[in-house]
Amino acid sequence: MKVVKTIVELKEQVKRAKSEGKSIGLVPTMGYLHEGHLTLADTARQDNDLVIMSIFVNPTQFGPNEDFESYPRDLERDCKLAETVGVDIIFAPSVEEMYPTDGGIYIRAGRQAEILCGASRPGHFDGVLQVVAKLFHLSEPNRAYFGQKDAQQVAIIQTMVRDYNFPLEIRTVPIVREVDGLAKSSRNVYLTEQERKEAPAIFESLQIAKEEYLASRKVEKAKELAKKHIEDKTTGKIDYFEFLSYPDLKPITNETRDFLLATAVYIGKTRLIDNIIFHTKG
């Protein structure tokens, strides 16, 4: 496994792989890897000849009240973990390497970024699209891998790739869950023993909403039942519980066939997010 820190060296590696007819899979991360990241890399390993993982804490997606400086970083640890799942190249540039110039041209994520998690993080998804677009150009992947847990992020990236004809495929990898259904997250360690017992109710609420909608086709009833389950089974506070089309993130209509159920809940001081994506036909 190679660790590459400059754009010039990365492009040399990409050029060599392309000349040999190799397919490239890209796994963008901000490092401090966990099981979810490794699942993305393992999936990319199965699909591609060459796997590139980027490890870059991107300053442009941090808001003024979010501490970019304190975000956890441990490149040596990350490299050891990435190697266990067959990553070929780690791209770990500095901020100066990724953003040497600023010509004042920016990407705006638009309507999709103004709801769900984006409602409380203005500008966040603009920064995500900025860094992802650069990574796509630099690594020229056939496929890029993102986790379904960040469904809004994936939907926005899919929209950019579709609408601006980026020559790659976005692969969404299912959420990795604990045995009781709780979505795995580095934030779970902040839950107390009692809060951890309550947390699986979040995923249960999503399943309740899905089943109710498929039975009645009533969006508001499905949401009400789901919210009641969270309120009855936890001491948590619901940040949002939304039912939208996917990936456009618009209100449900009779023509909608692809659905996103997404929620964010504060259990104690810990904000947990989860979602279900499902499809209907006919």
# chains A, B, ... in the order shown; residues from 1 in each chain; ligands from 1
>>> closest_atom_pairs(of="stretch 145-263 of chain A", to="stretch 96-118 of chain A", cutoff="10 Å", atoms="only C-alpha atoms", output="Markdown table")
| residue | atom | partner | partner_atom | distance |
| --- | --- | --- | --- | --- |
| A:Asp150 | CA | A:Cys117 | CA | 9.4 |
| A:Gln152 | CA | A:Leu116 | CA | 7.6 |
| A:Gln153 | CA | A:Ala113 | CA | 8.4 |
| A:Ala155 | CA | A:Gln112 | CA | 8.2 |
| A:Ile156 | CA | A:Gln112 | CA | 6.5 |
| A:Ile157 | CA | A:Ala109 | CA | 8.9 |
| A:Thr159 | CA | A:Gln112 | CA | 9.3 |
| A:Met160 | CA | A:Ala109 | CA | 8.3 |
| A:Asp239 | CA | A:Leu116 | CA | 8.7 |
| A:Tyr240 | CA | A:Leu116 | CA | 6.7 |
| A:Phe241 | CA | A:Leu116 | CA | 8.3 |
| A:Glu242 | CA | A:Leu116 | CA | 7.5 |
| A:Pro247 | CA | A:Gln112 | CA | 9.2 |
| A:Asp248 | CA | A:Gln112 | CA | 7.2 |
| A:Leu249 | CA | A:Gln112 | CA | 6.2 |
| A:Lys250 | CA | A:Gln112 | CA | 8.2 |
| A:Ala262 | CA | A:Leu116 | CA | 8.0 |
| A:Thr263 | CA | A:Leu116 | CA | 8.0 |
>>> select_by_dssp(residues="stretch 44-100 of chain A", states="strand (DSSP E or B)", output="VMD selection string")
chain A and resid 50 to 55 89 to 91
>>> closest_residue(among="A:Lys2, A:Arg16, A:Lys11, A:Lys134", to="A:Lys80", atoms="only C-alpha atoms")
A:Lys2
>>> closest_residue(among="A:Ala92, A:Phe56, A:Ala44, A:Ser19", to="A:Ile7", atoms="only C-alpha atoms")
A:Ala92
>>> residues_around(residues="A:Ile170", least_positions_apart="3", cutoff="12 Å", atoms="only C-alpha atoms", output="list in words")
Gly25, Leu26, Val27, Pro28, Leu40, Ala44, Val132, Phe136, Pro141, Asn142, Arg143, Ala144, Tyr145, Phe146, Gly147, Gln148, Gln153, Val154, Ala155, Ile156, Ile157, Gln158, Thr159, Met160, Val161, Arg162, Phe166, Pro167 and Val173 of chain A
>>> select_by_dssp(residues="stretch 98-279 of chain A", states="alpha helix (DSSP H)", output="JSON, numbers by chain")
{"A": [98, 124, 125, 126, 127, 128, 129, 130, 131, 132, 133, 134, 135, 136, 137, 138, 139, 151, 152, 153, 154, 155, 156, 157, 158, 159, 160, 161, 162, 163, 193, 194, 195, 196, 197, 198, 201, 202, 203, 204, 205, 206, 207, 208, 209, 210, 211, 212, 213, 214, 215, 216, 219, 220, 221, 222, 223, 224, 225, 226, 227, 228, 229, 230, 231, 232, 233]}
>>> residues_around(residues="A:Ser23", least_positions_apart="4", cutoff="9 Å", atoms="only C-alpha atoms", output="list of chain:residue names")
A:Ala17, A:Lys18, A:Asp47, A:Asn48, A:Asp49, A:Leu50, A:Val51, A:Pro141, A:Asn142, A:Arg143
>>> closest_residue(among="A:Thr60, A:Glu198, A:Leu261, A:Gln130", to="A:Lys223", atoms="only C-alpha atoms")
A:Leu261
>>> closest_residue(among="A:His279, A:Lys269, A:Lys237, A:His137", to="A:Tyr190", atoms="only C-alpha atoms")
A:Lys269
>>> closest_residue(among="A:Met1, A:Val176, A:Ala41, A:Ile276", to="A:Asp88", atoms="only C-alpha atoms")
A:Met1
>>> closest_residue(among="A:Thr43, A:Ser54, A:Gln61, A:Thr234", to="A:Gly123", atoms="only C-alpha atoms")
A:Gln61
>>> residues_around(residues="A:Asp274", least_positions_apart="2", cutoff="7 Å", atoms="only C-alpha atoms", output="ChimeraX atom specification")
/A:149,183,203,262-264,272
>>> write_last_selection(atoms="N, CA and C atoms", output="compact mmCIF listing (two decimals), in the first residue's frame")
# COMPACT_ATOMS: atom_id res chain seq x y z
N LYS A 149 -25.69 5.65 5.55
CA LYS A 149 -26.00 6.33 6.81
C LYS A 149 -26.07 7.84 6.60
N ALA A 183 -27.73 1.75 14.22
CA ALA A 183 -26.71 2.05 13.23
C ALA A 183 -25.37 2.28 13.93
N PHE A 203 -34.27 2.91 14.94
CA PHE A 203 -34.43 2.07 13.75
C PHE A 203 -35.81 1.44 13.72
N ALA A 262 -35.93 9.36 7.04
CA ALA A 262 -34.72 9.78 7.73
C ALA A 262 -35.07 10.46 9.04
N THR A 263 -34.27 10.22 10.06
CA THR A 263 -34.51 10.85 11.35
C THR A 263 -33.20 11.17 12.05
N ALA A 264 -33.27 12.17 12.90
CA ALA A 264 -32.17 12.51 13.81
C ALA A 264 -32.79 12.69 15.19
N LEU A 272 -28.11 11.13 17.20
CA LEU A 272 -28.00 9.93 16.38
C LEU A 272 -28.85 10.09 15.12
>>> atom_distance(atom1="atom CA of A:Gly236", atom2="atom CA of A:Val265")
6.3 Å
>>> decode(residues="stretch 132-242 of chain A", atoms="C-alpha atoms", output="mmCIF file, in the first residue's frame")
data_model
loop_
_atom_site.group_PDB
_atom_site.id
_atom_site.type_symbol
_atom_site.label_atom_id
_atom_site.label_comp_id
_atom_site.auth_asym_id
_atom_site.auth_seq_id
_atom_site.Cartn_x
_atom_site.Cartn_y
_atom_site.Cartn_z
ATOM 1 C CA VAL A 132 -15.715 15.551 -3.635
ATOM 2 C CA ALA A 133 -15.582 17.223 -7.054
ATOM 3 C CA LYS A 134 -11.839 17.748 -6.645
ATOM 4 C CA LEU A 135 -11.305 14.144 -5.550
ATOM 5 C CA PHE A 136 -13.292 12.861 -8.534
ATOM 6 C CA HIS A 137 -11.135 14.864 -10.942
ATOM 7 C CA LEU A 138 -7.875 13.873 -9.273
ATOM 8 C CA SER A 139 -8.510 10.138 -8.931
ATOM 9 C CA GLU A 140 -10.680 9.628 -12.064
ATOM 10 C CA PRO A 141 -12.572 6.702 -10.470
ATOM 11 C CA ASN A 142 -14.927 4.362 -12.243
ATOM 12 C CA ARG A 143 -16.875 4.122 -8.989
ATOM 13 C CA ALA A 144 -16.989 6.082 -5.734
ATOM 14 C CA TYR A 145 -18.288 4.620 -2.483
ATOM 15 C CA PHE A 146 -20.387 6.319 0.183
ATOM 16 C CA GLY A 147 -22.326 5.023 3.171
ATOM 17 C CA GLN A 148 -26.120 5.082 3.227
ATOM 18 C CA LYS A 149 -25.996 6.334 6.812
ATOM 19 C CA ASP A 150 -25.279 9.795 5.362
ATOM 20 C CA ALA A 151 -28.190 9.504 2.933
ATOM 21 C CA GLN A 152 -28.636 13.242 2.413
ATOM 22 C CA GLN A 153 -24.976 13.606 1.523
ATOM 23 C CA VAL A 154 -25.186 10.713 -0.934
ATOM 24 C CA ALA A 155 -28.338 12.116 -2.540
ATOM 25 C CA ILE A 156 -26.693 15.517 -3.060
ATOM 26 C CA ILE A 157 -23.561 13.933 -4.534
ATOM 27 C CA GLN A 158 -25.657 11.702 -6.798
ATOM 28 C CA THR A 159 -27.529 14.774 -8.023
ATOM 29 C CA MET A 160 -24.288 16.608 -8.848
ATOM 30 C CA VAL A 161 -22.896 13.570 -10.681
ATOM 31 C CA ARG A 162 -26.149 13.141 -12.638
ATOM 32 C CA ASP A 163 -26.776 16.780 -13.502
ATOM 33 C CA TYR A 164 -23.166 17.647 -14.373
ATOM 34 C CA ASN A 165 -22.318 14.414 -16.180
ATOM 35 C CA PHE A 166 -19.443 13.275 -13.996
ATOM 36 C CA PRO A 167 -18.109 10.103 -15.674
ATOM 37 C CA LEU A 168 -18.402 7.728 -12.723
ATOM 38 C CA GLU A 169 -20.863 5.600 -10.790
ATOM 39 C CA ILE A 170 -21.873 6.351 -7.199
ATOM 40 C CA ARG A 171 -22.186 3.186 -5.117
ATOM 41 C CA THR A 172 -24.206 3.432 -1.904
ATOM 42 C CA VAL A 173 -23.204 0.855 0.704
ATOM 43 C CA PRO A 174 -25.892 -0.211 3.236
ATOM 44 C CA ILE A 175 -25.733 0.898 6.852
ATOM 45 C CA VAL A 176 -23.703 -1.335 9.154
ATOM 46 C CA ARG A 177 -25.808 -2.152 12.222
ATOM 47 C CA GLU A 178 -25.430 -3.644 15.667
ATOM 48 C CA VAL A 179 -27.298 -6.880 16.403
ATOM 49 C CA ASP A 180 -30.221 -4.909 17.860
ATOM 50 C CA GLY A 181 -30.481 -2.673 14.783
ATOM 51 C CA LEU A 182 -28.739 0.462 16.016
ATOM 52 C CA ALA A 183 -26.705 2.054 13.228
ATOM 53 C CA LYS A 184 -23.009 1.795 14.035
ATOM 54 C CA SER A 185 -21.430 5.157 14.742
ATOM 55 C CA SER A 186 -18.432 6.529 16.566
ATOM 56 C CA ARG A 187 -20.951 8.601 18.546
ATOM 57 C CA ASN A 188 -22.511 5.505 20.137
ATOM 58 C CA VAL A 189 -19.715 5.389 22.719
ATOM 59 C CA TYR A 190 -21.101 8.593 24.268
ATOM 60 C CA LEU A 191 -24.366 6.862 25.222
ATOM 61 C CA THR A 192 -24.896 5.844 28.833
ATOM 62 C CA GLU A 193 -25.951 2.265 29.531
ATOM 63 C CA GLN A 194 -29.621 3.279 29.745
ATOM 64 C CA GLU A 195 -29.425 5.471 26.630
ATOM 65 C CA ARG A 196 -27.833 2.594 24.704
ATOM 66 C CA LYS A 197 -30.816 0.411 25.633
ATOM 67 C CA GLU A 198 -33.190 3.058 24.287
ATOM 68 C CA ALA A 199 -31.332 3.792 21.047
ATOM 69 C CA PRO A 200 -32.571 0.795 18.945
ATOM 70 C CA ALA A 201 -36.043 2.380 19.026
ATOM 71 C CA ILE A 202 -34.797 4.801 16.367
ATOM 72 C CA PHE A 203 -34.426 2.072 13.750
ATOM 73 C CA GLU A 204 -37.658 0.460 14.953
ATOM 74 C CA SER A 205 -39.496 3.741 14.304
ATOM 75 C CA LEU A 206 -38.258 3.835 10.716
ATOM 76 C CA GLN A 207 -39.517 0.303 10.143
ATOM 77 C CA ILE A 208 -42.899 1.215 11.640
ATOM 78 C CA ALA A 209 -43.217 4.198 9.312
ATOM 79 C CA LYS A 210 -42.305 2.124 6.277
ATOM 80 C CA GLU A 211 -44.801 -0.627 7.111
ATOM 81 C CA GLU A 212 -47.584 1.856 7.806
ATOM 82 C CA TYR A 213 -46.987 3.730 4.563
ATOM 83 C CA LEU A 214 -46.950 0.549 2.482
ATOM 84 C CA ALA A 215 -50.235 -0.483 4.117
ATOM 85 C CA SER A 216 -52.105 2.843 4.057
ATOM 86 C CA ARG A 217 -50.152 5.148 1.697
ATOM 87 C CA LYS A 218 -50.639 7.909 4.266
ATOM 88 C CA VAL A 219 -47.440 9.857 4.873
ATOM 89 C CA GLU A 220 -48.537 11.829 7.937
ATOM 90 C CA LYS A 221 -49.989 8.779 9.680
ATOM 91 C CA ALA A 222 -46.753 6.873 9.090
ATOM 92 C CA LYS A 223 -44.710 9.734 10.551
ATOM 93 C CA GLU A 224 -46.998 10.131 13.559
ATOM 94 C CA LEU A 225 -46.776 6.454 14.488
ATOM 95 C CA ALA A 226 -43.000 6.515 14.145
ATOM 96 C CA LYS A 227 -42.601 9.638 16.272
ATOM 97 C CA LYS A 228 -44.889 8.190 18.940
ATOM 98 C CA HIS A 229 -42.715 5.081 19.109
ATOM 99 C CA ILE A 230 -39.610 7.189 19.728
ATOM 100 C CA GLU A 231 -41.414 9.254 22.366
ATOM 101 C CA ASP A 232 -42.806 6.162 24.118
ATOM 102 C CA LYS A 233 -39.610 4.095 24.044
ATOM 103 C CA THR A 234 -36.939 6.721 24.684
ATOM 104 C CA THR A 235 -36.198 9.844 26.677
ATOM 105 C CA GLY A 236 -34.889 11.353 23.468
ATOM 106 C CA LYS A 237 -35.768 14.542 21.629
ATOM 107 C CA ILE A 238 -36.588 14.309 17.910
ATOM 108 C CA ASP A 239 -34.597 16.759 15.794
ATOM 109 C CA TYR A 240 -36.415 15.738 12.618
ATOM 110 C CA PHE A 241 -38.347 12.826 11.153
ATOM 111 C CA GLU A 242 -38.869 13.205 7.407
#
